[in-house]
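Chemist: Sharing my_file28.cif below, mmCIF, C-alpha atoms:
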```
data_model
#
loop_
_atom_site.label_atom_id
_atom_site.label_comp_id
_atom_site.auth_asym_id
_atom_site.auth_seq_id
_atom_site.Cartn_x
_atom_site.Cartn_y
_atom_site.Cartn_z
CA MET A 1 -113.48 31.06 69.16
CA ALA A 2 -109.78 30.60 69.77
CA THR A 3 -108.30 29.23 72.96
CA THR A 4 -104.65 29.15 73.84
CA SER A 5 -104.68 25.46 74.68
CA ALA A 6 -106.95 22.53 74.05
CA SER A 7 -107.81 22.10 77.71
CA VAL A 8 -108.03 25.59 79.27
CA HIS A 9 -110.76 28.04 78.35
CA PRO A 10 -109.59 31.72 78.26
CA VAL A 11 -111.93 32.39 81.20
CA ASP A 12 -109.96 29.92 83.35
CA GLU A 13 -106.46 30.97 82.28
CA VAL A 14 -104.21 32.40 84.99
CA PRO A 15 -101.99 35.18 83.56
CA PRO A 16 -98.54 35.92 85.08
CA VAL A 17 -98.63 37.80 88.41
CA ARG A 18 -97.44 41.07 86.82
CA GLN A 19 -100.30 41.00 84.31
CA LEU A 20 -102.79 39.97 86.99
CA ALA A 21 -101.86 43.03 89.04
CA ALA A 22 -102.04 45.47 86.09
CA PHE A 23 -105.27 44.07 84.63
CA GLY A 24 -106.83 43.84 88.09
CA LEU A 25 -105.93 47.44 88.97
CA GLN A 26 -107.47 48.53 85.68
CA HIS A 27 -110.79 46.94 86.70
CA VAL A 28 -110.63 48.59 90.14
CA LEU A 29 -110.05 52.06 88.66
CA ALA A 30 -112.91 51.52 86.21
CA MET A 31 -115.42 50.84 88.97
CA TYR A 32 -114.04 52.72 91.98
CA ALA A 33 -116.06 55.93 91.56
CA GLY A 34 -119.27 53.94 91.13
CA ALA A 35 -118.40 51.67 94.04
CA VAL A 36 -118.05 54.48 96.59
CA ALA A 37 -120.94 56.58 95.21
CA VAL A 38 -123.69 54.63 97.01
CA PRO A 39 -122.29 54.99 100.56
CA LEU A 40 -121.49 58.64 99.82
CA ILE A 41 -125.05 59.38 98.65
CA VAL A 42 -126.83 57.42 101.40
CA GLY A 43 -124.49 58.62 104.16
CA GLY A 44 -124.71 62.21 102.92
CA ALA A 45 -128.53 62.11 102.86
CA MET A 46 -128.53 60.82 106.45
CA LYS A 47 -126.07 63.56 107.48
CA LEU A 48 -123.56 61.10 108.93
CA SER A 49 -120.32 62.39 110.43
CA PRO A 50 -117.15 62.32 108.26
CA ALA A 51 -115.85 59.44 110.41
CA ASP A 52 -119.02 57.38 109.87
CA LEU A 53 -118.95 58.19 106.15
CA ALA A 54 -115.33 57.01 105.90
CA TYR A 55 -116.34 53.83 107.77
CA LEU A 56 -119.16 53.17 105.26
CA ILE A 57 -116.75 53.56 102.33
CA THR A 58 -114.07 51.21 103.71
CA ALA A 59 -116.74 48.65 104.65
CA ASP A 60 -118.15 48.92 101.11
CA LEU A 61 -114.75 48.39 99.46
CA LEU A 62 -114.01 45.38 101.70
CA VAL A 63 -117.32 43.66 100.88
CA CYS A 64 -116.99 44.66 97.20
CA GLY A 65 -113.75 42.70 97.14
CA ILE A 66 -115.16 39.68 98.97
CA ALA A 67 -118.26 39.67 96.74
CA THR A 68 -116.10 39.82 93.61
CA LEU A 69 -113.98 36.90 94.82
CA ILE A 70 -117.11 34.84 95.54
CA GLN A 71 -118.48 35.60 92.06
CA CYS A 72 -115.23 34.93 90.12
CA VAL A 73 -113.62 32.11 92.09
CA GLY A 74 -116.80 30.54 93.44
CA PHE A 75 -117.44 27.77 95.93
CA TRP A 76 -120.07 25.04 95.83
CA ARG A 77 -123.18 26.60 94.19
CA PHE A 78 -122.11 30.20 94.73
CA GLY A 79 -120.48 32.23 91.94
CA VAL A 80 -120.89 32.30 88.15
CA ARG A 81 -117.09 31.87 87.73
CA LEU A 82 -116.85 34.56 85.03
CA PRO A 83 -114.94 37.89 85.07
CA ILE A 84 -117.63 39.83 86.98
CA MET A 85 -116.97 42.76 89.33
CA GLN A 86 -119.44 43.29 92.16
CA GLY A 87 -120.50 46.63 93.59
CA CYS A 88 -123.33 48.39 95.44
CA THR A 89 -126.46 48.70 93.32
CA PHE A 90 -127.79 52.17 92.54
CA ALA A 91 -131.33 50.72 92.40
CA ALA A 92 -131.33 50.62 96.21
CA VAL A 93 -130.28 54.26 96.77
CA SER A 94 -133.72 55.93 96.87
CA PRO A 95 -135.40 53.28 99.09
CA MET A 96 -132.39 53.25 101.47
CA VAL A 97 -132.36 57.04 101.78
CA LEU A 98 -136.10 56.92 102.55
CA ILE A 99 -135.66 54.15 105.16
CA GLY A 100 -132.60 55.80 106.68
CA THR A 101 -134.11 59.28 107.03
CA THR A 102 -137.69 58.39 108.03
CA GLY A 103 -137.90 54.73 108.93
CA GLY A 104 -135.32 53.74 111.49
CA GLY A 105 -131.83 54.76 110.34
CA LEU A 106 -129.01 52.40 109.39
CA PRO A 107 -130.22 49.45 111.55
CA ALA A 108 -133.51 49.38 109.60
CA ILE A 109 -131.59 49.58 106.29
CA TYR A 110 -129.35 46.65 107.27
CA GLY A 111 -132.29 44.54 108.46
CA SER A 112 -134.04 44.95 105.10
CA VAL A 113 -130.77 44.32 103.20
CA ILE A 114 -130.21 41.00 105.03
CA VAL A 115 -133.77 39.83 104.26
CA ALA A 116 -133.38 40.89 100.59
CA GLY A 117 -130.13 38.92 100.32
CA LEU A 118 -131.77 35.78 101.71
CA ALA A 119 -134.67 36.25 99.25
CA ILE A 120 -132.24 36.51 96.32
CA MET A 121 -130.58 33.23 97.34
CA LEU A 122 -133.99 31.51 97.53
CA LEU A 123 -135.18 32.94 94.19
CA ALA A 124 -131.91 32.27 92.30
CA PRO A 125 -132.95 28.81 90.93
CA VAL A 126 -136.27 30.28 89.73
CA PHE A 127 -134.47 33.03 87.80
CA GLY A 128 -132.05 30.43 86.44
CA ARG A 129 -134.95 28.64 84.77
CA LEU A 130 -136.04 31.89 83.08
CA LEU A 131 -132.98 31.85 80.81
CA ARG A 132 -135.03 30.47 77.92
CA PHE A 133 -136.79 33.85 77.78
CA PHE A 134 -133.47 35.49 76.83
CA PRO A 135 -132.90 34.62 73.13
CA PRO A 136 -130.38 36.77 71.17
CA LEU A 137 -133.18 39.25 70.38
CA VAL A 138 -133.66 39.97 74.10
CA THR A 139 -130.01 39.65 75.21
CA GLY A 140 -128.74 41.92 72.42
CA THR A 141 -131.36 44.53 73.31
CA VAL A 142 -130.56 44.34 77.03
CA ILE A 143 -126.78 44.61 76.44
CA LEU A 144 -127.38 47.62 74.16
CA ILE A 145 -129.51 49.29 76.86
CA ILE A 146 -126.89 48.57 79.56
CA GLY A 147 -124.22 50.31 77.48
CA VAL A 148 -126.28 53.33 76.45
CA SER A 149 -127.70 53.85 79.96
CA LEU A 150 -124.14 53.98 81.37
CA LEU A 151 -122.98 56.71 78.96
CA PRO A 152 -124.48 59.58 81.03
CA VAL A 153 -122.36 58.33 83.97
CA ALA A 154 -119.22 58.77 81.86
CA GLY A 155 -120.54 62.13 80.64
CA ASN A 156 -121.00 63.39 84.20
CA TRP A 157 -117.49 62.23 85.10
CA ALA A 158 -116.04 63.95 82.02
CA ALA A 159 -117.73 67.22 83.00
CA GLY A 160 -116.21 67.11 86.47
CA GLY A 161 -118.53 64.86 88.49
CA VAL A 162 -122.07 65.55 89.67
CA GLY A 163 -122.13 68.42 92.17
CA ALA A 164 -118.67 69.73 91.25
CA LYS A 165 -118.33 73.53 91.39
CA ASP A 166 -116.58 73.56 88.02
CA PHE A 167 -119.00 71.09 86.38
CA GLY A 168 -118.93 71.46 82.60
CA GLU A 169 -115.82 73.66 82.49
CA PRO A 170 -113.93 73.26 79.16
CA LYS A 171 -110.78 72.23 81.05
CA ASN A 172 -112.60 69.17 82.48
CA LEU A 173 -113.87 68.07 79.08
CA ALA A 174 -110.42 68.71 77.58
CA LEU A 175 -108.81 66.42 80.18
CA ALA A 176 -111.44 63.72 79.50
CA ALA A 177 -110.86 64.06 75.73
CA PHE A 178 -107.10 63.79 76.29
CA VAL A 179 -107.52 60.57 78.30
CA LEU A 180 -109.85 59.18 75.63
CA ALA A 181 -107.24 60.01 72.95
CA VAL A 182 -104.50 58.27 74.98
CA VAL A 183 -106.66 55.15 75.44
CA LEU A 184 -107.43 55.01 71.70
CA GLY A 185 -103.82 55.72 70.75
CA VAL A 186 -102.50 52.94 73.01
CA GLN A 187 -105.11 50.53 71.63
CA ARG A 188 -104.20 51.35 68.04
CA PHE A 189 -100.43 51.82 68.07
CA ALA A 190 -98.96 50.22 71.21
CA PRO A 191 -97.72 46.60 71.42
CA ALA A 192 -100.38 44.01 72.27
CA TYR A 193 -99.39 43.69 75.95
CA LEU A 194 -99.86 47.47 76.44
CA ALA A 195 -103.03 47.63 74.36
CA ARG A 196 -104.66 45.29 76.85
CA ILE A 197 -104.14 47.82 79.65
CA ALA A 198 -105.04 50.84 77.52
CA VAL A 199 -107.52 52.10 80.13
CA LEU A 200 -104.93 51.84 82.93
CA VAL A 201 -102.34 53.66 80.78
CA GLY A 202 -104.91 56.34 79.91
CA ILE A 203 -105.82 56.88 83.58
CA ALA A 204 -102.13 56.96 84.62
CA VAL A 205 -101.19 59.48 81.92
CA GLY A 206 -104.32 61.52 82.64
CA LEU A 207 -103.44 61.62 86.36
CA ALA A 208 -99.86 62.69 85.53
CA VAL A 209 -101.25 65.60 83.50
CA ALA A 210 -103.95 66.43 86.07
CA VAL A 211 -101.54 66.91 89.01
CA PRO A 212 -99.60 69.95 87.69
CA PHE A 213 -102.81 71.57 86.40
CA GLY A 214 -104.44 71.45 89.83
CA PHE A 215 -107.16 68.86 89.15
CA THR A 216 -106.22 66.64 92.08
CA ASP A 217 -106.77 67.02 95.81
CA PHE A 218 -104.72 64.66 97.97
CA SER A 219 -105.71 66.28 101.28
CA GLY A 220 -107.92 63.29 102.13
CA VAL A 221 -104.90 60.96 102.05
CA GLY A 222 -103.33 62.59 105.12
CA ASP A 223 -106.61 62.42 107.05
CA ALA A 224 -107.24 58.73 106.29
CA ASP A 225 -106.30 55.97 108.75
CA TRP A 226 -103.66 53.40 107.87
CA LEU A 227 -105.78 50.46 109.03
CA GLY A 228 -109.55 50.07 109.08
CA ILE A 229 -111.45 46.89 109.92
CA SER A 230 -115.21 46.70 109.49
CA THR A 231 -116.80 44.86 112.43
CA PRO A 232 -120.27 43.25 112.18
CA PHE A 233 -123.24 45.46 113.16
CA HIS A 234 -121.03 48.49 113.85
CA PHE A 235 -124.06 50.82 113.69
CA GLY A 236 -126.26 48.68 115.96
CA THR A 237 -128.32 45.50 115.83
CA PRO A 238 -130.42 45.34 112.62
CA THR A 239 -134.13 46.06 112.97
CA PHE A 240 -136.71 44.43 110.72
CA LYS A 241 -139.50 46.80 109.62
CA ALA A 242 -142.13 45.47 107.20
CA SER A 243 -142.26 48.59 104.98
CA ALA A 244 -138.46 48.68 104.68
CA ILE A 245 -138.29 44.96 103.88
CA ILE A 246 -140.99 45.21 101.18
CA SER A 247 -139.22 48.09 99.40
CA MET A 248 -135.91 46.22 99.54
CA LEU A 249 -137.52 43.06 98.12
CA VAL A 250 -138.61 45.13 95.11
CA VAL A 251 -134.99 46.27 94.79
CA ALA A 252 -133.91 42.61 94.95
CA LEU A 253 -136.06 41.76 91.91
CA VAL A 254 -134.63 44.74 90.02
CA THR A 255 -131.01 43.81 90.81
CA MET A 256 -131.63 40.17 89.85
CA THR A 257 -132.93 41.36 86.47
CA GLU A 258 -129.94 43.66 85.99
CA THR A 259 -127.45 41.00 87.08
CA THR A 260 -129.02 38.49 84.67
CA GLY A 261 -128.40 40.97 81.82
CA ASP A 262 -124.81 41.58 82.95
CA LEU A 263 -124.00 37.87 83.32
CA ILE A 264 -125.41 37.11 79.87
CA ALA A 265 -123.39 40.02 78.43
CA VAL A 266 -120.13 38.77 79.95
CA GLY A 267 -120.96 35.23 78.83
CA GLU A 268 -121.29 36.54 75.25
CA LEU A 269 -118.05 38.54 75.45
CA THR A 270 -115.98 35.67 76.89
CA GLY A 271 -117.37 32.88 74.73
CA ARG A 272 -118.65 30.97 77.75
CA GLY A 273 -122.42 31.22 77.51
CA VAL A 274 -124.40 31.40 80.75
CA GLU A 275 -126.53 28.30 81.44
CA PRO A 276 -129.53 28.11 83.82
CA ARG A 277 -127.39 26.51 86.54
CA SER A 278 -124.52 29.02 86.26
CA LEU A 279 -126.99 31.92 86.18
CA ALA A 280 -128.56 30.64 89.41
CA ASP A 281 -125.07 30.28 90.93
CA GLY A 282 -124.25 33.89 90.00
CA LEU A 283 -127.49 35.21 91.47
CA ARG A 284 -126.98 33.13 94.60
CA ALA A 285 -123.57 34.81 95.01
CA ASP A 286 -125.33 38.18 94.69
CA GLY A 287 -127.66 37.16 97.52
CA LEU A 288 -124.83 35.99 99.78
CA SER A 289 -122.89 39.22 99.12
CA THR A 290 -125.99 41.26 99.97
CA VAL A 291 -126.38 39.39 103.29
CA LEU A 292 -122.70 40.09 104.01
CA GLY A 293 -123.41 43.74 103.16
CA GLY A 294 -126.14 43.88 105.81
CA VAL A 295 -123.87 42.26 108.40
CA PHE A 296 -120.72 44.32 107.64
CA ASN A 297 -122.35 47.77 107.47
CA THR A 298 -122.79 48.24 103.73
CA PHE A 299 -125.48 47.75 101.09
CA PRO A 300 -126.98 45.37 98.44
CA TYR A 301 -124.55 44.05 95.82
CA THR A 302 -124.91 43.36 92.13
CA ALA A 303 -122.78 42.71 89.04
CA PHE A 304 -121.16 45.99 87.94
CA ALA A 305 -121.98 46.87 84.33
CA GLN A 306 -119.06 49.33 84.22
CA ASN A 307 -116.63 46.43 84.04
CA VAL A 308 -118.54 44.50 81.38
CA GLY A 309 -117.29 47.06 78.84
CA LEU A 310 -113.71 46.67 80.03
CA VAL A 311 -113.84 42.90 79.39
CA GLY A 312 -115.08 43.53 75.85
CA MET A 313 -112.64 46.32 75.12
CA THR A 314 -109.43 44.67 76.39
CA ARG A 315 -110.44 41.14 75.32
CA VAL A 316 -108.87 39.88 78.58
CA ARG A 317 -111.33 37.15 79.51
CA SER A 318 -109.68 35.54 82.54
CA ARG A 319 -111.84 35.48 85.68
CA TRP A 320 -108.63 35.42 87.73
CA VAL A 321 -107.87 38.96 86.55
CA VAL A 322 -111.12 40.14 88.13
CA ALA A 323 -110.44 37.99 91.19
CA ALA A 324 -107.14 39.91 91.52
CA ALA A 325 -109.22 43.11 91.34
CA GLY A 326 -111.32 41.72 94.18
CA GLY A 327 -108.14 41.18 96.20
CA ILE A 328 -107.09 44.80 95.56
CA LEU A 329 -110.52 46.00 96.76
CA VAL A 330 -110.13 43.99 99.98
CA LEU A 331 -106.76 45.73 100.52
CA LEU A 332 -108.33 49.14 99.86
CA GLY A 333 -111.04 48.29 102.39
CA LEU A 334 -108.47 47.33 105.03
CA LEU A 335 -106.09 50.23 104.24
CA PRO A 336 -108.17 53.44 104.05
CA LYS A 337 -105.08 55.55 103.22
CA LEU A 338 -104.57 53.53 100.03
CA GLY A 339 -108.26 53.96 99.20
CA ALA A 340 -107.92 57.73 99.65
CA VAL A 341 -105.11 57.81 97.05
CA VAL A 342 -107.33 56.07 94.50
CA ALA A 343 -110.23 58.39 95.44
CA ALA A 344 -108.09 61.41 94.50
CA ILE A 345 -108.17 60.49 90.78
CA PRO A 346 -110.13 63.35 89.13
CA ALA A 347 -113.55 62.53 87.68
CA PRO A 348 -112.66 63.79 84.13
CA VAL A 349 -109.85 61.20 83.94
CA LEU A 350 -112.37 58.43 84.68
CA GLY A 351 -114.84 60.02 82.25
CA GLY A 352 -112.47 59.80 79.30
CA ALA A 353 -111.90 56.09 79.96
CA GLY A 354 -115.59 55.49 80.71
CA LEU A 355 -116.77 56.78 77.33
CA VAL A 356 -114.94 54.06 75.43
CA MET A 357 -115.71 51.31 77.98
CA PHE A 358 -119.44 51.94 78.15
CA GLY A 359 -119.66 52.48 74.41
CA THR A 360 -118.08 49.05 74.01
CA VAL A 361 -120.96 47.48 75.97
CA ALA A 362 -123.52 49.12 73.64
CA ALA A 363 -121.55 48.00 70.57
CA SER A 364 -121.49 44.43 71.94
CA GLY A 365 -125.29 44.53 72.08
CA LEU A 366 -125.40 45.61 68.44
CA ARG A 367 -123.10 42.73 67.55
CA THR A 368 -125.50 40.27 69.21
CA LEU A 369 -128.48 41.83 67.43
CA ALA A 370 -126.66 41.47 64.10
CA ALA A 371 -127.31 37.71 64.32
CA VAL A 372 -131.10 38.23 64.72
CA ASP A 373 -133.50 37.86 61.77
CA PHE A 374 -135.43 41.12 61.25
CA HIS A 375 -137.23 40.12 58.04
CA GLY A 376 -140.95 39.30 57.92
CA ASN A 377 -141.45 39.62 61.69
CA ASN A 378 -141.86 42.17 64.49
CA ASN A 379 -138.39 41.90 65.98
CA LEU A 380 -137.54 45.49 65.03
CA THR A 381 -140.55 46.65 67.08
CA VAL A 382 -139.34 44.62 70.08
CA VAL A 383 -135.91 46.32 69.96
CA ALA A 384 -137.33 49.80 69.25
CA VAL A 385 -139.88 49.87 72.08
CA SER A 386 -137.53 48.18 74.60
CA VAL A 387 -134.73 50.67 73.95
CA ALA A 388 -137.24 53.56 74.13
CA VAL A 389 -138.64 52.39 77.49
CA GLY A 390 -135.13 51.71 78.81
CA MET A 391 -133.86 55.16 77.80
CA LEU A 392 -136.86 57.07 79.16
CA PRO A 393 -135.65 57.31 82.80
CA VAL A 394 -132.08 57.93 81.57
CA GLY A 395 -133.08 60.88 79.41
CA VAL A 396 -135.85 62.18 81.69
CA PRO A 397 -134.89 61.17 85.28
CA THR A 398 -138.06 62.70 86.81
CA VAL A 399 -140.49 61.01 84.41
CA TYR A 400 -141.93 58.63 87.06
CA GLU A 401 -141.69 60.85 90.15
CA LYS A 402 -145.51 61.00 90.54
CA PHE A 403 -145.76 57.19 90.65
CA PRO A 404 -145.65 54.94 93.76
CA ASP A 405 -142.22 54.18 95.24
CA TRP A 406 -142.23 50.49 94.19
CA PHE A 407 -142.99 51.50 90.58
CA GLN A 408 -140.18 54.05 90.60
CA THR A 409 -137.74 51.48 91.97
CA VAL A 410 -138.45 49.15 89.03
CA MET A 411 -138.84 51.67 86.21
CA ASN A 412 -136.21 54.27 87.19
CA SER A 413 -133.60 51.65 86.35
CA GLY A 414 -133.36 51.84 82.58
CA ILE A 415 -131.78 48.39 82.52
CA SER A 416 -134.59 46.63 84.38
CA ALA A 417 -137.32 48.63 82.56
CA GLY A 418 -135.84 47.81 79.15
CA CYS A 419 -135.15 44.18 80.07
CA LEU A 420 -138.71 43.55 81.27
CA THR A 421 -140.11 45.26 78.17
CA ALA A 422 -137.93 43.14 75.85
CA ILE A 423 -138.99 39.89 77.56
CA VAL A 424 -142.71 40.76 77.46
CA LEU A 425 -142.65 41.95 73.82
CA ASN A 426 -140.65 38.91 72.69
CA LEU A 427 -143.29 36.67 74.30
CA LEU A 428 -146.10 38.73 72.79
CA PHE A 429 -144.78 38.75 69.22
CA ASN A 430 -142.79 35.53 68.98
CA HIS A 431 -144.29 32.99 71.38
CA LEU A 432 -148.03 33.58 71.60
CA PRO A 433 -150.02 31.65 68.97
CA ALA A 434 -150.68 33.74 65.86
CA ARG A 435 -154.47 33.44 66.07
CA ALA A 436 -155.01 36.03 63.35
CA ASP A 437 -153.40 33.91 60.63
CA SER A 438 -156.72 33.18 58.96
CA ALA A 439 -158.00 36.75 59.28
CA PRO A 440 -157.62 39.39 56.55
CA GLY A 441 -154.34 41.30 56.77
CA ALA A 442 -152.75 38.57 58.88
CA VAL A 443 -149.15 38.86 60.02
CA PRO A 444 -146.88 36.52 58.00
CA SER A 445 -145.97 33.26 59.70
CA GLY A 446 -142.30 34.36 59.72
CA ALA A 447 -143.17 36.48 62.77
CA GLU A 448 -142.43 33.47 64.95
CA SER A 449 -138.66 33.66 64.43
CA ALA A 450 -136.60 35.26 67.19
#
```
Show me the file's structure as C-alpha cells.

Modeler:
Amino acid sequence: MATTSASVHPVDEVPPVRQLAAFGLQHVLAMYAGAVAVPLIVGGAMKLSPADLAYLITADLLVCGIATLIQCVGFWRFGVRLPIMQGCTFAAVSPMVLIGTTGGGLPAIYGSVIVAGLAIMLLAPVFGRLLRFFPPLVTGTVILIIGVSLLPVAGNWAAGGVGAKDFGEPKNLALAAFVLAVVLGVQRFAPAYLARIAVLVGIAVGLAVAVPFGFTDFSGVGDADWLGISTPFHFGTPTFKASAIISMLVVALVTMTETTGDLIAVGELTGRGVEPRSLADGLRADGLSTVLGGVFNTFPYTAFAQNVGLVGMTRVRSRWVVAAAGGILVLLGLLPKLGAVVAAIPAPVLGGAGLVMFGTVAASGLRTLAAVDFHGNNNLTVVAVSVAVGMLPVGVPTVYEKFPDWFQTVMNSGISAGCLTAIVLNLLFNHLPARADSAPGAVPSGAESA
C-alpha cells in the first residue's frame, strides 16, 4: 500500500480546498436521494403537512452533516475517523411508520429513537470485541452482499424513481445509461484529477442534458425558505412507550450489524483496517448521532453504504473529503433553498452513477474473498448460503410479511440477514470442534481454515 509521505496515511491527508469541495459535493450527491427518502416515507405515511415534511427533511440533512463530522473527524471515543457518510437507516422505516400511525405520533418515535441511541452507545464496546468473528471469509461475503443489495436502489433510480408516473420509460433508462457512459469515459480517458470526480462530472453532464429534455422540476426551489433552523423537540416533548422502544432496540441491533459491515468495508478499501477499539468508537458515534436525531426531530443514523462504493471507485481515501461533505450537508440543512436545488436532480441521473458505485462495493467483496482458501473446506458453502439469505428479501421483498414485526425488522435487511448468516456458518464450519474426524466419511481437517 502506497502512501504519499512516510508520516501521513492517505486517510489523514488533507487535499487542497478546491478538491475538498469537489470530492465532498460528489459524496453528497451520491447519498442525497437516500438521505431524504426516510423522512419523505415516514412523513408521507403519517400524512404530515408539506411544511412539516420540509421541516423533517432540513432537520435530517442538518443532523446527517453533524453525524458525518462526528464519524470522520471524531472526538474522544466517538468516531471511527474513516471516510464514512452517515444517513438515516432504512431499517427503521417500517417500525417508525407503525409507531407514528398507531402508537403516539412523532413524540413516541423520538422517545424510542433517543433510547435506541443510548443503547447503541452502551453496546458499542461489546460489538467492538466481536471483530474476531469477522475474518476475510465473513467480511468479503458481507461486503459483497452490501453491494448487490444496493443495486436495486440504483435500478429504481435509473427507471425514474419509485412511484414516478413515467417509471420504466425508455427515456429514463437512456438518461441513466448516458450518465453511466460519461462516468466510465471520464474514468478511462480523462486526466487523473478529473477521473477522481468522475461521478460528479457524470451527474453534472447528466443534469445539463436533463434540463432541456424536461426531466427536471425546479418549482420546489421557489417555494423553499432561505433559512431553516431545526429547534429541539419541535414536534413536542418525546414520549416513551415500551412497545415503541422495544421495536427500536431491535432496529438498533440491525443498524449496528450493518454499520460494522460498512466500517470493515471502508477499512479494507482505505488500507486502514478497523480494530476493536475503532469499531466501538464508530458505533458509539452512531449512537450519539441517533440521540441527536431524536432531539432534533429526525431519525436513527447509520453508516451509508452508498458512499462506500464511491470511496472504492475514486480511490480518494481522505476522511477530510467526507468531513467536507458533512459540512455541505449542514449548509443544506440550514439553507432549504439550496437543498431544493440538489433535490431537483432527476432520479435517472443518480441511477446511472449509482450502478457503477454500488457495483464497486460488490466487486470489493469479491476481491476480499479472493484471498480466502476454498480448498478442502466448507467456505464455499458459507458464502453461498449467506449470499442466498441476504438476497432473499432483496429479490422477494414480501417473503417475511407473515412473520412477527421484530423478525421482519432483522431479516428484511439483506445486509443484516446475510451478515448474521455468515457469522453463524463460519462458527459452525470453521470454529466448532470437528467431532466427526474419527467417523467414516469424515470432513478433512482442512475444513478449519477460514

Chemist: Hey, which of A:Leu292, A:Leu279, A:Val383, A:Ile229 ends up closest to Pro125 (chain A)? Count all atoms listed in the file.

Modeler: A:Leu279

Chemist: Please list as a PyMOL selection string every residue within 12 Å of Leu48 (chain A), counting only C-alpha atoms and excluding residues in the same chain fewer than 6 positions away.

Modeler: chain A and resi 39-42+54-56+100-101+105-106+235

Chemist: Would you mind exporting C-alpha atoms of the selected residues as a compact mmCIF listing (two decimals), keeping the file's coordinate frame?

Modeler:
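Written file, result_39.txt:
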```
# COMPACT_ATOMS: atom_id res chain seq x y z
CA PRO A 39 -122.29 54.99 100.56
CA LEU A 40 -121.49 58.64 99.82
CA ILE A 41 -125.05 59.38 98.65
CA VAL A 42 -126.83 57.42 101.40
CA ALA A 54 -115.33 57.01 105.90
CA TYR A 55 -116.34 53.83 107.77
CA LEU A 56 -119.16 53.17 105.26
CA GLY A 100 -132.60 55.80 106.68
CA THR A 101 -134.11 59.28 107.03
CA GLY A 105 -131.83 54.76 110.34
CA LEU A 106 -129.01 52.40 109.39
CA PHE A 235 -124.06 50.82 113.69
```

Chemist: Compare A:Phe299, A:Phe178, A:Phe233, A:Phe167 by their minimum atom-to-atom distance to Val205 (chain A), counting all atoms listed in the file, and give me the closest one.

Modeler: A:Phe178

Chemist: How would you write, as a list in words, the residues chosen by the PyMOL selection byres ((chain A and resi 92) around 9) on this structure?

Modeler: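 When the PyMOL selection byres ((chain A and resi 92) around 9) is applied to the shown file, the picked residues are Val38, Cys88, Thr89, Phe90, Ala91, Val93, Ser94, Pro95, Met96, Val97, Ser247, Met248, Val251, Ala252, Thr255, Phe299, Pro300 and Thr409 of chain A.
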
Chemist: Rank A:Gly354, A:Pro238, A:Gly261, A:Gly168 by their smallest atom-to-atom distance to Leu200 (chain A), using all atoms listed in the file, and report the top residue only.

Modeler: A:Gly354
